Amino acid sequence: MRAVVLQGHRSVSVERVPDPTITTPDSAVIAVEHTAICGSDLHLYHGDLGGAGIRLGHEFVGTVLETGNDVHRIRKGDRVLVSGVIGCGHCASCLARDPVTCSGGGPKVFGVGPDLHGGQAEMVTVPGVDAFALAIPEQVSAEQSVLLTDILPTGYLGALRADITPGSTVVVIGLGPVGVFALQCAALFGPARILAVDRVPERLRRARELGAEPIDATNGDTVAQVLAATQGRGAPSVIEAVGADATVSDALMCAAPGGTVSVIGVNTNMAFAYPMPVALMRRLTFRVTLASIPSTWDALVPLIATGRLHPEQVFTHRVGLSKAAEAYRMFDERADGVLKVLLDPTA
Ligand SMILES: NC(=O)c1ccc[n+]([C@@H]2O[C@H](COP(=O)([O-])OP(=O)(O)OC[C@H]3O[C@@H](n4cnc5c(N)ncnc54)[C@H](O)[C@@H]3O)[C@@H](O)[C@H]2O)c1
Ligand SMILES: [Zn+2]
Ligand SMILES: [Zn+2]
């Protein structure tokens with residue numbers, strides 16, 4: 001079969017690789033129907049996380065082709081969406097839909113290393129499939145369900161964990177697809193104002209259309225602009241959806257006394273310079289979240305089914321898997337108005 005394989009710095013290609021197989025009795029092999037490129041794939045693309053040879057992708061939906069002997073809930077022929085983050089599938093945390101706190105080896109992400117191949121491919125093996133796959137609900141389209149495998153849950157948890165109260169002000173830093181979902185999910189909690197920060201003009205325009213107040217970070221004065229917009233106090237809830245050192249710092253400096261900073265951007269810096277005196281004197285709460293994706297499905301599926309959320313609107317580009325190299329380049333360069341790319345494994 002064909003799969004997207006990381007070749008090196010800013011380089012991916014579509015390669016022939018061996019077909020996936022049932023690796024454990026609790027696994028299934030899935031024929032991928034749709035898959036997408038995530039901002040987290042860009043960390044690999046930039047060489048921040050791992051090396052060449054990785055088969056990428058952790059956002060995918062498809063049809064179950066084959067199941068192991070110890071799979072009972074999911075059946076051959078089911079159309080499923082799969083959590084991009086999984087655990088052992090059997091511990092108390094995994095059974096409670098919280099793979100991030102898995103006690104059987106910790107969380108694993110598809111497509112970031114050699115142990116768990118990714119889903120930007122024609123087929124993929126899913127271990128612990130009973131715990132981490134969901135039959136695509138009737139009122140949710142296949143394209144919408146791709147967004148339930150990672151980034152809508154991530155945006156939702158970023159908002160949920162930002163302590164947003166009705167009538168308050170929220171800052172969202174970073175307006176890629178994850179930030180857009182954080183913004184839309186923040187609105188579910190009833191803030192009066194959402195300040196939306198990015199450097200890309202069309203992303204700022206989109207935020208304004210979504211009812212937020214855009215803040216252009218091009219000149220590096222995000223903190224000054226947020227303070228100016230909040231009578232010098234900052235915002236009680238700040239969501240960071242970029243992952244850079246500068247934006248995590250900005251998020252901390254934008255928070256009002258007693259406020260909460262909720263980071264969902266992926267930052268790989270082991271020596272981040274955390275401004276301790278600021279956090280102390282403003283009594284800040286700092287939360288960092290790797291999304292336990294299945295924990296969000298009960299909330300998000302009805303919101304999509306009833307039309308409160310239209311996540312598929314983030315897809316600006318739909319291309320065949322064979323065009324993955326160009327799609328990565330375009331997504332990385334934010335070229336051609338791209339926000340989110342859907343890949344078709346059959347093309
Ligand atoms: N926590 C999780 O479980 C989880 C899940 C999915 C993605 N992520 C992370 O979320 C982040 C965003 O993902 P995405 O797909 O939206 O990526 P993206 O690259 O499309 O979006 C990032 C945005 O940040 C903006 N940006 C960059 N520097 C900035 C600055 N100094 N000030 C303001 N804005 C700035 C960019 O212009 C861009 O619009 C990534 O770090 C990704 O790894 C985390
Ligand atoms: Zn992701
Ligand atoms: Zn577990």
# chains A, B, ... in the order shown; residues from 1 in each chain; ligands from 1
>>> closest_atom_pairs(of="chain A", to="ligand 3", cutoff="12 Å", atoms="only C-alpha atoms and all ligand atoms", output="JSON lines")
{"residue": "A:Val85", "atom": "CA", "partner": "ligand 3", "partner_atom_place_in_ligand_line": "1 (Zn)", "distance": 11.2}
{"residue": "A:Ile86", "atom": "CA", "partner": "ligand 3", "partner_atom_place_in_ligand_line": "1 (Zn)", "distance": 8.0}
{"residue": "A:Gly87", "atom": "CA", "partner": "ligand 3", "partner_atom_place_in_ligand_line": "1 (Zn)", "distance": 4.5}
{"residue": "A:Cys88", "atom": "CA", "partner": "ligand 3", "partner_atom_place_in_ligand_line": "1 (Zn)", "distance": 3.8}
{"residue": "A:Gly89", "atom": "CA", "partner": "ligand 3", "partner_atom_place_in_ligand_line": "1 (Zn)", "distance": 4.9}
{"residue": "A:His90", "atom": "CA", "partner": "ligand 3", "partner_atom_place_in_ligand_line": "1 (Zn)", "distance": 5.2}
{"residue": "A:Cys91", "atom": "CA", "partner": "ligand 3", "partner_atom_place_in_ligand_line": "1 (Zn)", "distance": 4.1}
{"residue": "A:Ala92", "atom": "CA", "partner": "ligand 3", "partner_atom_place_in_ligand_line": "1 (Zn)", "distance": 6.7}
{"residue": "A:Ser93", "atom": "CA", "partner": "ligand 3", "partner_atom_place_in_ligand_line": "1 (Zn)", "distance": 5.7}
{"residue": "A:Cys94", "atom": "CA", "partner": "ligand 3", "partner_atom_place_in_ligand_line": "1 (Zn)", "distance": 4.4}
{"residue": "A:Leu95", "atom": "CA", "partner": "ligand 3", "partner_atom_place_in_ligand_line": "1 (Zn)", "distance": 7.4}
{"residue": "A:Ala96", "atom": "CA", "partner": "ligand 3", "partner_atom_place_in_ligand_line": "1 (Zn)", "distance": 9.3}
{"residue": "A:Arg97", "atom": "CA", "partner": "ligand 3", "partner_atom_place_in_ligand_line": "1 (Zn)", "distance": 9.2}
{"residue": "A:Asp98", "atom": "CA", "partner": "ligand 3", "partner_atom_place_in_ligand_line": "1 (Zn)", "distance": 8.1}
{"residue": "A:Pro99", "atom": "CA", "partner": "ligand 3", "partner_atom_place_in_ligand_line": "1 (Zn)", "distance": 5.8}
{"residue": "A:Val100", "atom": "CA", "partner": "ligand 3", "partner_atom_place_in_ligand_line": "1 (Zn)", "distance": 8.3}
{"residue": "A:Thr101", "atom": "CA", "partner": "ligand 3", "partner_atom_place_in_ligand_line": "1 (Zn)", "distance": 7.3}
{"residue": "A:Cys102", "atom": "CA", "partner": "ligand 3", "partner_atom_place_in_ligand_line": "1 (Zn)", "distance": 3.7}
{"residue": "A:Ser103", "atom": "CA", "partner": "ligand 3", "partner_atom_place_in_ligand_line": "1 (Zn)", "distance": 5.1}
{"residue": "A:Gly104", "atom": "CA", "partner": "ligand 3", "partner_atom_place_in_ligand_line": "1 (Zn)", "distance": 4.5}
{"residue": "A:Gly105", "atom": "CA", "partner": "ligand 3", "partner_atom_place_in_ligand_line": "1 (Zn)", "distance": 6.8}
{"residue": "A:Gly106", "atom": "CA", "partner": "ligand 3", "partner_atom_place_in_ligand_line": "1 (Zn)", "distance": 6.7}
{"residue": "A:Pro107", "atom": "CA", "partner": "ligand 3", "partner_atom_place_in_ligand_line": "1 (Zn)", "distance": 7.7}
{"residue": "A:Lys108", "atom": "CA", "partner": "ligand 3", "partner_atom_place_in_ligand_line": "1 (Zn)", "distance": 10.0}
{"residue": "A:Pro127", "atom": "CA", "partner": "ligand 3", "partner_atom_place_in_ligand_line": "1 (Zn)", "distance": 11.4}
{"residue": "A:Gly128", "atom": "CA", "partner": "ligand 3", "partner_atom_place_in_ligand_line": "1 (Zn)", "distance": 9.2}
{"residue": "A:Ala131", "atom": "CA", "partner": "ligand 3", "partner_atom_place_in_ligand_line": "1 (Zn)", "distance": 9.4}
{"residue": "A:Phe132", "atom": "CA", "partner": "ligand 3", "partner_atom_place_in_ligand_line": "1 (Zn)", "distance": 10.7}
{"residue": "A:Ser292", "atom": "CA", "partner": "ligand 3", "partner_atom_place_in_ligand_line": "1 (Zn)", "distance": 11.6}
>>> residues_near_ligand(ligand="ligand 2", cutoff="12 Å", atoms="only C-alpha atoms and all ligand atoms", output="PyMOL selection string")
chain A and resi 35-44+56-60+83-85+109-112+118-119+146-155+176-178+241+264-266+290-293+340
>>> write_last_selection(atoms="N, CA and C atoms", output="compact mmCIF listing (two decimals), in the first residue's frame")
# COMPACT_ATOMS: atom_id res chain seq x y z
N THR A 35 -8.10 11.34 5.55
CA THR A 35 -7.08 11.63 6.55
C THR A 35 -6.70 13.10 6.38
N ALA A 36 -6.07 13.69 7.39
CA ALA A 36 -5.77 15.13 7.33
C ALA A 36 -4.36 15.39 7.83
N ILE A 37 -3.86 16.60 7.52
CA ILE A 37 -2.55 17.03 8.02
C ILE A 37 -2.77 17.95 9.21
N CYS A 38 -2.03 17.69 10.30
CA CYS A 38 -2.19 18.46 11.54
C CYS A 38 -0.97 19.38 11.73
N GLY A 39 -1.18 20.47 12.47
CA GLY A 39 -0.07 21.33 12.85
C GLY A 39 1.01 20.56 13.60
N SER A 40 0.62 19.49 14.28
CA SER A 40 1.62 18.67 14.98
C SER A 40 2.51 17.93 13.98
N ASP A 41 1.98 17.59 12.81
CA ASP A 41 2.82 16.96 11.78
C ASP A 41 3.92 17.93 11.34
N LEU A 42 3.64 19.23 11.45
CA LEU A 42 4.67 20.21 11.06
C LEU A 42 5.87 20.17 12.01
N HIS A 43 5.63 19.83 13.30
CA HIS A 43 6.78 19.71 14.22
C HIS A 43 7.73 18.61 13.71
N LEU A 44 7.16 17.51 13.21
CA LEU A 44 7.98 16.43 12.63
C LEU A 44 8.63 16.91 11.34
N LEU A 56 3.60 9.04 8.67
CA LEU A 56 2.93 10.13 9.38
C LEU A 56 1.41 9.96 9.46
N GLY A 57 0.80 10.78 10.33
CA GLY A 57 -0.64 10.97 10.32
C GLY A 57 -1.36 10.40 11.53
N HIS A 58 -2.13 11.26 12.21
CA HIS A 58 -2.91 10.76 13.35
C HIS A 58 -4.37 11.20 13.28
N GLU A 59 -4.78 11.71 12.12
CA GLU A 59 -6.20 12.06 11.94
C GLU A 59 -6.72 11.22 10.78
N PHE A 60 -7.56 10.24 11.07
CA PHE A 60 -8.07 9.40 9.97
C PHE A 60 -9.38 8.73 10.39
N SER A 83 -9.36 7.83 17.64
CA SER A 83 -8.62 8.83 18.40
C SER A 83 -7.15 8.85 17.97
N GLY A 84 -6.62 10.03 17.67
CA GLY A 84 -5.22 10.14 17.27
C GLY A 84 -4.25 9.82 18.39
N VAL A 85 -4.74 9.90 19.63
CA VAL A 85 -3.95 9.58 20.83
C VAL A 85 -4.59 8.35 21.47
N VAL A 109 0.87 8.46 20.24
CA VAL A 109 0.23 9.18 19.14
C VAL A 109 0.57 8.43 17.84
N PHE A 110 -0.42 8.21 17.00
CA PHE A 110 -0.16 7.59 15.69
C PHE A 110 0.81 8.46 14.88
N GLY A 111 1.72 7.82 14.19
CA GLY A 111 2.51 8.52 13.18
C GLY A 111 3.56 9.47 13.71
N VAL A 112 4.09 9.22 14.91
CA VAL A 112 5.21 10.05 15.39
C VAL A 112 6.47 9.23 15.63
N GLY A 118 1.37 5.76 11.12
CA GLY A 118 0.33 6.76 10.96
C GLY A 118 -0.73 6.40 9.94
N GLY A 119 -1.73 7.26 9.88
CA GLY A 119 -2.91 7.03 9.06
C GLY A 119 -2.97 7.84 7.78
N VAL A 146 -13.52 13.31 10.75
CA VAL A 146 -12.05 13.43 10.75
C VAL A 146 -11.63 14.45 11.83
N LEU A 147 -12.45 15.46 11.99
CA LEU A 147 -12.10 16.54 12.93
C LEU A 147 -12.36 16.14 14.37
N LEU A 148 -13.06 15.00 14.57
CA LEU A 148 -13.26 14.47 15.94
C LEU A 148 -12.11 13.57 16.36
N THR A 149 -11.14 13.33 15.46
CA THR A 149 -10.03 12.43 15.81
C THR A 149 -8.89 13.17 16.51
N ASP A 150 -8.91 14.52 16.48
CA ASP A 150 -7.81 15.26 17.11
C ASP A 150 -8.17 16.72 17.38
N ILE A 151 -8.34 17.53 16.31
CA ILE A 151 -8.23 18.97 16.56
C ILE A 151 -9.47 19.63 17.14
N LEU A 152 -10.68 19.11 16.83
CA LEU A 152 -11.85 19.70 17.51
C LEU A 152 -11.82 19.34 19.00
N PRO A 153 -11.57 18.07 19.36
CA PRO A 153 -11.39 17.77 20.79
C PRO A 153 -10.30 18.62 21.45
N THR A 154 -9.21 18.88 20.74
CA THR A 154 -8.13 19.67 21.33
C THR A 154 -8.58 21.11 21.59
N GLY A 155 -9.23 21.71 20.60
CA GLY A 155 -9.74 23.07 20.79
C GLY A 155 -10.76 23.12 21.91
N GLY A 176 -4.67 28.97 13.57
CA GLY A 176 -4.70 27.81 12.68
C GLY A 176 -6.00 27.06 12.98
N PRO A 177 -6.18 25.90 12.37
CA PRO A 177 -7.43 25.17 12.62
C PRO A 177 -7.66 24.85 14.10
N VAL A 178 -6.58 24.57 14.84
CA VAL A 178 -6.75 24.28 16.27
C VAL A 178 -7.24 25.54 17.00
N ALA A 241 -2.52 28.38 21.19
CA ALA A 241 -2.69 27.32 20.19
C ALA A 241 -1.63 27.44 19.09
N ILE A 264 -2.56 24.57 24.45
CA ILE A 264 -2.78 23.36 23.64
C ILE A 264 -1.77 23.26 22.50
N GLY A 265 -1.01 24.33 22.23
CA GLY A 265 0.09 24.23 21.27
C GLY A 265 1.13 23.25 21.80
N VAL A 266 1.80 22.56 20.90
CA VAL A 266 2.84 21.61 21.32
C VAL A 266 4.18 22.34 21.35
N LEU A 290 -2.48 17.68 26.52
CA LEU A 290 -2.50 16.73 25.40
C LEU A 290 -3.91 16.15 25.44
N ALA A 291 -4.61 16.20 24.33
CA ALA A 291 -6.05 15.91 24.36
C ALA A 291 -6.35 14.43 24.53
N SER A 292 -7.17 14.13 25.55
CA SER A 292 -7.76 12.79 25.68
C SER A 292 -9.02 12.80 24.81
N ILE A 293 -8.81 12.49 23.56
CA ILE A 293 -9.83 12.74 22.53
C ILE A 293 -11.17 12.03 22.80
N LYS A 340 -6.83 24.00 6.47
CA LYS A 340 -6.73 22.58 6.80
C LYS A 340 -6.84 21.76 5.53
>>> atom_distance(atom1="atom 15 (O, counted along the ligand's line) of ligand 1", atom2="atom CA of Phe315 of chain A")
11.5 Å
>>> residues_around(residues="Glu122 of chain A", least_positions_apart="5", cutoff="7 Å", atoms="only C-alpha atoms", output="list in words")
Met1, Arg2, Ala3, Ala31, Val32 and Pro345 of chain A
>>> residues_around(residues="Phe272 of chain A", least_positions_apart="5", cutoff="10 Å", atoms="only C-alpha atoms", output="list in words")
Ala244, Asp245, Ala246, Val248, Ser249 and Asn267 of chain A
>>> write_last_selection(atoms="C-alpha atoms", output="tab-separated table (two decimals), in the first residue's frame")
chain	number	residue	atom	x	y	z
A	244	ALA	CA	6.23	28.55	20.22
A	245	ASP	CA	8.18	29.86	23.22
A	246	ALA	CA	7.19	33.43	22.32
A	248	VAL	CA	3.48	30.71	25.53
A	249	SER	CA	5.26	33.71	27.11
A	267	ASN	CA	6.11	23.02	22.70
>>> closest_residue(among="A:Lys323, A:Arg73, A:His46, A:Arg193", to="ligand 1", atoms="only C-alpha atoms and all ligand atoms")
A:His46
>>> select_by_dssp(residues="segment 72-316 of chain A", states="strand (DSSP E or B)", output="number ranges by chain")
A: 79-82, 85-86, 108-109, 121, 123-126, 133-135, 169-173, 193-198, 213-216, 235-240, 255-263, 285-288, 315-316
